[in-house]
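*Asks:* Let me begin by handing over the structure; questions about it come next.
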Amino acid sequence: GVREDGRRASLDLARVGRVYEEVYPLTENARDAAFADVHAGRATLLEEPRLRDARAEAGEAVDVISDLMEKLTASLADAEGGAADGGGDARRAREEVLWAALPDAEAAERAERRIEVLRAEVWQPFERRARVLEHFGYLDFAGERVTERGRWLADLRLDRPLLVGEAIERNLFASLDAPRAAGLMAALAADAERDYGDLQLDDALVSTLAEFERIAYEVASAEWKQGLDPAPEMNFSAAAAVMHWAKGMKWEELVRQTRAEEGDLFRLLSRTGESLMQIGNLRESHAAAARVAFEAAESILREPVRSDEIL
């Protein structure tokens, strides 16, 4: 097992004698040449690092610091007019001041490291996202401002807002009827790995999803350039299920044909409807898309998913 392999590795390392600097290709002829060079004394022995050498380097570092301290205190003395009576006391006082400043210097260094950590954890991910938004015209990164397009996109509280925003901006939603708009939004809102059966997608929805995949590819390409992982794939089974529900399929039939748990269907339809309602609020900036989205939301947020009073 692992323990036996580790024991063999230790034994193999114990058999290693000398190590040489030369590097040879992994071929049989090169291996023979390597042995020949070693036996003939032509190989250069690799110098083995020793612990005392490491300690000596540490000692040298201490000496460097001490020398710098000496020079600094001497320069301070010169600046004050040279060594005078009580020069030894003055020197000790200066050294005490320098050592007293050490905690502040350490605190400053820790703060710098913390700034670098925050930059890696907070600023850099934000900057990458901002660069992608700038690529599609939602931000002016250099000017540090949100564009007109970015203002309405910021109002969308849904999954994958950039993808949805591009679909809206390119009039994809405005060109759909309510059932296909509901199916498209369901493909985005659903978990990619969840299965909602084998209900058929009609040609119109297939064409819509294909067009949206082209948009998703453009967004993913921009994200890859900034080192970001692209959004998960769309869920086509969810798109088909929600489209049929939006067309008026009965709840019992939807449950039977999707073979999904009622709770899973309820969550899918609720999330899809809420996302459509978000687009439905864009009446001023995208009136046609808002109208289609609101109609789609009404078609799926019905009993038992949602009561009419909420709409």
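Ordering of the structure tokens sets the chain letters (A, B, ...), residue numbers begin anew at 1 in every chain, and ligands are numbered from 1 in the order given.
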Using only C-alpha atoms, which residues sit within 10 Å of Arg157 in chain A once same-chain residues fewer than 5 positions away are excluded, as a PDB file with C-alpha atoms, in the first residue's frame?
*Replies:*
ATOM      1  CA  GLU A 274     -40.224  36.316 -10.665  1.00  0.00           C
ATOM      2  CA  SER A 275     -37.457  36.816 -13.226  1.00  0.00           C
ATOM      3  CA  MET A 277     -41.607  40.173 -13.566  1.00  0.00           C
ATOM      4  CA  GLN A 278     -38.211  41.862 -13.235  1.00  0.00           C
ATOM      5  CA  ILE A 279     -38.056  42.308 -17.004  1.00  0.00           C
TER       6      ILE A 279
END
*Asks:* Using DSSP secondary structure from the backbone, list all strand (DSSP E or B) positions within range 91-287 of chain A, as a PDB file with N, CA and C atoms, in the first residue's frame.
*Replies:*
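Output saved as out.pdb:
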ATOM      1  N   LEU A 139     -20.667  49.753 -18.597  1.00  0.00           N
ATOM      2  CA  LEU A 139     -19.831  50.551 -17.706  1.00  0.00           C
ATOM      3  C   LEU A 139     -18.806  51.326 -18.523  1.00  0.00           C
ATOM      4  N   ASP A 140     -18.417  52.476 -17.980  1.00  0.00           N
ATOM      5  CA  ASP A 140     -17.242  53.196 -18.464  1.00  0.00           C
ATOM      6  C   ASP A 140     -16.193  53.038 -17.364  1.00  0.00           C
ATOM      7  N   ARG A 145     -17.981  55.282 -14.230  1.00  0.00           N
ATOM      8  CA  ARG A 145     -19.399  55.621 -14.231  1.00  0.00           C
ATOM      9  C   ARG A 145     -20.202  54.526 -14.939  1.00  0.00           C
ATOM     10  N   VAL A 146     -21.470  54.473 -14.597  1.00  0.00           N
ATOM     11  CA  VAL A 146     -22.403  53.540 -15.217  1.00  0.00           C
ATOM     12  C   VAL A 146     -23.025  54.218 -16.428  1.00  0.00           C
TER      13      VAL A 146
END
*Asks:* Restricting the calculation to only C-alpha atoms, which member of A:Ala101, A:Leu199, A:Ala154, A:Val19 is positioned closest to Ala43 in chain A?
*Replies:*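 Looking only at the distances to Ala43 in chain A, the closest residue turns out to be A:Val19.
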*Asks:* List every residue of range 63-235 of chain A that DSSP, applied to the backbone of this structure, places in alpha helix (DSSP H), and write the result as a PyMOL selection string.
*Replies:* chain A and resi 63-79+87-100+102-118+124-135+148-154+161-169+178-189+203-225
*Asks:* Do you have the CA of Leu163 in chain A-CA of Leu269 in chain A distance handy?
*Replies:* 19.5 Å
*Asks:* Could you please determine the separation between CA of Leu184 in chain A and CA of Ala260 in chain A in Å, to one decimal place?
*Replies:* 19.2 Å
*Asks:* Env of Arg160 in chain A: 12 Å cut, atoms = only C-alpha atoms, seq-sep filter 6 positions within chain, self excluded. Answer as a PDB file with N, CA, C and O atoms, in the first residue's frame.
*Replies:*
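Final output, saved to selection_19.pdb:
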ATOM      1  N   LEU A 153     -29.848  47.825 -16.537  1.00  0.00           N
ATOM      2  CA  LEU A 153     -29.388  46.472 -16.210  1.00  0.00           C
ATOM      3  C   LEU A 153     -29.262  46.310 -14.698  1.00  0.00           C
ATOM      4  O   LEU A 153     -29.554  45.230 -14.159  1.00  0.00           O
ATOM      5  N   ALA A 154     -28.835  47.348 -13.995  1.00  0.00           N
ATOM      6  CA  ALA A 154     -28.686  47.278 -12.546  1.00  0.00           C
ATOM      7  C   ALA A 154     -30.022  47.069 -11.848  1.00  0.00           C
ATOM      8  O   ALA A 154     -30.059  46.605 -10.701  1.00  0.00           O
ATOM      9  N   GLU A 166     -28.250  41.284 -22.519  1.00  0.00           N
ATOM     10  CA  GLU A 166     -27.903  41.238 -23.928  1.00  0.00           C
ATOM     11  C   GLU A 166     -29.059  40.730 -24.782  1.00  0.00           C
ATOM     12  O   GLU A 166     -29.281  41.191 -25.899  1.00  0.00           O
ATOM     13  N   ALA A 167     -29.819  39.759 -24.248  1.00  0.00           N
ATOM     14  CA  ALA A 167     -30.982  39.271 -24.987  1.00  0.00           C
ATOM     15  C   ALA A 167     -32.024  40.370 -25.149  1.00  0.00           C
ATOM     16  O   ALA A 167     -32.656  40.503 -26.210  1.00  0.00           O
ATOM     17  N   MET A 185     -36.690  32.021 -20.328  1.00  0.00           N
ATOM     18  CA  MET A 185     -36.302  32.419 -18.976  1.00  0.00           C
ATOM     19  C   MET A 185     -36.132  31.200 -18.074  1.00  0.00           C
ATOM     20  O   MET A 185     -35.253  31.170 -17.207  1.00  0.00           O
ATOM     21  N   ALA A 186     -36.944  30.164 -18.282  1.00  0.00           N
ATOM     22  CA  ALA A 186     -36.808  28.947 -17.483  1.00  0.00           C
ATOM     23  C   ALA A 186     -35.481  28.261 -17.744  1.00  0.00           C
ATOM     24  O   ALA A 186     -34.855  27.712 -16.822  1.00  0.00           O
ATOM     25  N   ALA A 187     -35.029  28.285 -18.999  1.00  0.00           N
ATOM     26  CA  ALA A 187     -33.736  27.676 -19.323  1.00  0.00           C
ATOM     27  C   ALA A 187     -32.603  28.332 -18.560  1.00  0.00           C
ATOM     28  O   ALA A 187     -31.588  27.696 -18.252  1.00  0.00           O
ATOM     29  N   LEU A 188     -32.757  29.616 -18.238  1.00  0.00           N
ATOM     30  CA  LEU A 188     -31.736  30.351 -17.490  1.00  0.00           C
ATOM     31  C   LEU A 188     -31.919  30.195 -15.985  1.00  0.00           C
ATOM     32  O   LEU A 188     -30.945  30.130 -15.236  1.00  0.00           O
ATOM     33  N   ALA A 189     -33.164  30.166 -15.535  1.00  0.00           N
ATOM     34  CA  ALA A 189     -33.436  30.157 -14.094  1.00  0.00           C
ATOM     35  C   ALA A 189     -33.236  28.787 -13.461  1.00  0.00           C
ATOM     36  O   ALA A 189     -32.953  28.694 -12.264  1.00  0.00           O
ATOM     37  N   ALA A 190     -33.373  27.713 -14.247  1.00  0.00           N
ATOM     38  CA  ALA A 190     -33.290  26.365 -13.687  1.00  0.00           C
ATOM     39  C   ALA A 190     -31.850  25.956 -13.411  1.00  0.00           C
ATOM     40  O   ALA A 190     -30.919  26.427 -14.063  1.00  0.00           O
ATOM     41  N   ALA A 216     -24.775  33.846 -25.526  1.00  0.00           N
ATOM     42  CA  ALA A 216     -24.042  33.291 -24.384  1.00  0.00           C
ATOM     43  C   ALA A 216     -22.591  33.007 -24.739  1.00  0.00           C
ATOM     44  O   ALA A 216     -21.692  33.180 -23.907  1.00  0.00           O
ATOM     45  N   VAL A 219     -20.688  36.299 -24.586  1.00  0.00           N
ATOM     46  CA  VAL A 219     -20.459  36.694 -23.190  1.00  0.00           C
ATOM     47  C   VAL A 219     -19.389  35.811 -22.564  1.00  0.00           C
ATOM     48  O   VAL A 219     -18.494  36.305 -21.867  1.00  0.00           O
ATOM     49  N   ALA A 220     -19.458  34.511 -22.822  1.00  0.00           N
ATOM     50  CA  ALA A 220     -18.465  33.592 -22.258  1.00  0.00           C
ATOM     51  C   ALA A 220     -17.066  33.901 -22.766  1.00  0.00           C
ATOM     52  O   ALA A 220     -16.084  33.826 -22.015  1.00  0.00           O
ATOM     53  N   PRO A 230     -17.339  30.987 -17.237  1.00  0.00           N
ATOM     54  CA  PRO A 230     -18.610  31.341 -17.882  1.00  0.00           C
ATOM     55  C   PRO A 230     -19.792  30.768 -17.122  1.00  0.00           C
ATOM     56  O   PRO A 230     -19.647  29.874 -16.285  1.00  0.00           O
ATOM     57  N   ALA A 231     -20.967  31.284 -17.424  1.00  0.00           N
ATOM     58  CA  ALA A 231     -22.186  30.831 -16.761  1.00  0.00           C
ATOM     59  C   ALA A 231     -22.488  29.378 -17.123  1.00  0.00           C
ATOM     60  O   ALA A 231     -22.083  28.888 -18.179  1.00  0.00           O
ATOM     61  N   PRO A 232     -23.202  28.656 -16.236  1.00  0.00           N
ATOM     62  CA  PRO A 232     -23.567  27.269 -16.542  1.00  0.00           C
ATOM     63  C   PRO A 232     -24.430  27.174 -17.792  1.00  0.00           C
ATOM     64  O   PRO A 232     -25.012  28.163 -18.241  1.00  0.00           O
ATOM     65  N   GLU A 233     -24.500  25.972 -18.336  1.00  0.00           N
ATOM     66  CA  GLU A 233     -25.292  25.764 -19.542  1.00  0.00           C
ATOM     67  C   GLU A 233     -26.785  25.910 -19.253  1.00  0.00           C
ATOM     68  O   GLU A 233     -27.243  25.794 -18.119  1.00  0.00           O
ATOM     69  N   MET A 234     -27.540  26.141 -20.311  1.00  0.00           N
ATOM     70  CA  MET A 234     -28.984  26.273 -20.164  1.00  0.00           C
ATOM     71  C   MET A 234     -29.632  24.901 -19.980  1.00  0.00           C
ATOM     72  O   MET A 234     -29.107  23.887 -20.417  1.00  0.00           O
ATOM     73  N   SER A 275     -38.423  36.225 -12.297  1.00  0.00           N
ATOM     74  CA  SER A 275     -37.457  36.816 -13.226  1.00  0.00           C
ATOM     75  C   SER A 275     -38.166  37.562 -14.349  1.00  0.00           C
ATOM     76  O   SER A 275     -37.744  38.658 -14.755  1.00  0.00           O
TER      77      SER A 275
END
*Asks:* Give me the residues within 6 Å of Ala178 in chain A as a count of residues only, counting only C-alpha atoms and dropping any in the same chain fewer than 5 places off.
*Replies:* 3
*Asks:* Can you check which parts of range 173-289 of chain A lie within 7 Å of range 119-132 of chain A? Per residue, the shortest pair of atoms and distance in Å to one decimal, counting only C-alpha atoms, sorted by chain and number, as JSON lines.
*Replies:*
{"residue": "A:Ala222", "atom": "CA", "partner": "A:Val132", "partner_atom": "CA", "distance": 6.0}
{"residue": "A:Glu223", "atom": "CA", "partner": "A:Val132", "partner_atom": "CA", "distance": 6.2}
{"residue": "A:Gln226", "atom": "CA", "partner": "A:Arg128", "partner_atom": "CA", "distance": 5.5}
*Asks:* Can you tell me which residues surround Glu261 in chain A at a distance of at most 12 Å, considering only C-alpha atoms, apart from same-chain residues fewer than 6 positions away, and format the answer as a list in words?
*Replies:* Arg194, Asp195, Tyr196, Gly197, Trp251, Glu252, Leu254, Val255, Arg267 and Leu268 of chain A
*Asks:* Deliver the residues from the most recent selection as a file, using N, CA, C and O atoms, as a JSON list (two decimals), in the first residue's frame.
*Replies:*
[["chain", "number", "residue", "atom", "x", "y", "z"],
["A", 194, "ARG", "N", -30.60, 19.65, -13.25],
["A", 194, "ARG", "CA", -31.89, 19.07, -12.88],
["A", 194, "ARG", "C", -32.68, 18.69, -14.13],
["A", 194, "ARG", "O", -32.67, 19.41, -15.12],
["A", 195, "ASP", "N", -33.37, 17.54, -14.06],
["A", 195, "ASP", "CA", -34.10, 17.00, -15.22],
["A", 195, "ASP", "C", -35.59, 17.23, -15.05],
["A", 195, "ASP", "O", -36.17, 16.92, -14.01],
["A", 196, "TYR", "N", -36.22, 17.77, -16.10],
["A", 196, "TYR", "CA", -37.66, 18.00, -16.08],
["A", 196, "TYR", "C", -38.36, 17.24, -17.20],
["A", 196, "TYR", "O", -39.34, 17.72, -17.78],
["A", 197, "GLY", "N", -37.86, 16.06, -17.50],
["A", 197, "GLY", "CA", -38.54, 15.19, -18.42],
["A", 197, "GLY", "C", -38.19, 15.43, -19.88],
["A", 197, "GLY", "O", -37.23, 16.13, -20.20],
["A", 251, "TRP", "N", -51.87, 21.10, -14.26],
["A", 251, "TRP", "CA", -50.80, 20.81, -13.29],
["A", 251, "TRP", "C", -50.53, 19.31, -13.18],
["A", 251, "TRP", "O", -49.39, 18.87, -13.19],
["A", 252, "GLU", "N", -51.59, 18.52, -13.08],
["A", 252, "GLU", "CA", -51.42, 17.06, -12.94],
["A", 252, "GLU", "C", -50.71, 16.47, -14.15],
["A", 252, "GLU", "O", -49.86, 15.59, -14.03],
["A", 254, "LEU", "N", -48.62, 18.13, -16.14],
["A", 254, "LEU", "CA", -47.23, 18.60, -16.10],
["A", 254, "LEU", "C", -46.40, 17.73, -15.15],
["A", 254, "LEU", "O", -45.28, 17.33, -15.49],
["A", 255, "VAL", "N", -46.95, 17.43, -14.00],
["A", 255, "VAL", "CA", -46.23, 16.58, -13.04],
["A", 255, "VAL", "C", -46.00, 15.20, -13.63],
["A", 255, "VAL", "O", -44.92, 14.61, -13.50],
["A", 267, "ARG", "N", -40.74, 25.44, -7.51],
["A", 267, "ARG", "CA", -39.60, 26.35, -7.42],
["A", 267, "ARG", "C", -39.19, 26.87, -8.81],
["A", 267, "ARG", "O", -38.86, 28.04, -8.97],
["A", 268, "LEU", "N", -39.19, 25.98, -9.80],
["A", 268, "LEU", "CA", -38.83, 26.38, -11.16],
["A", 268, "LEU", "C", -39.77, 27.45, -11.68],
["A", 268, "LEU", "O", -39.34, 28.49, -12.21]]
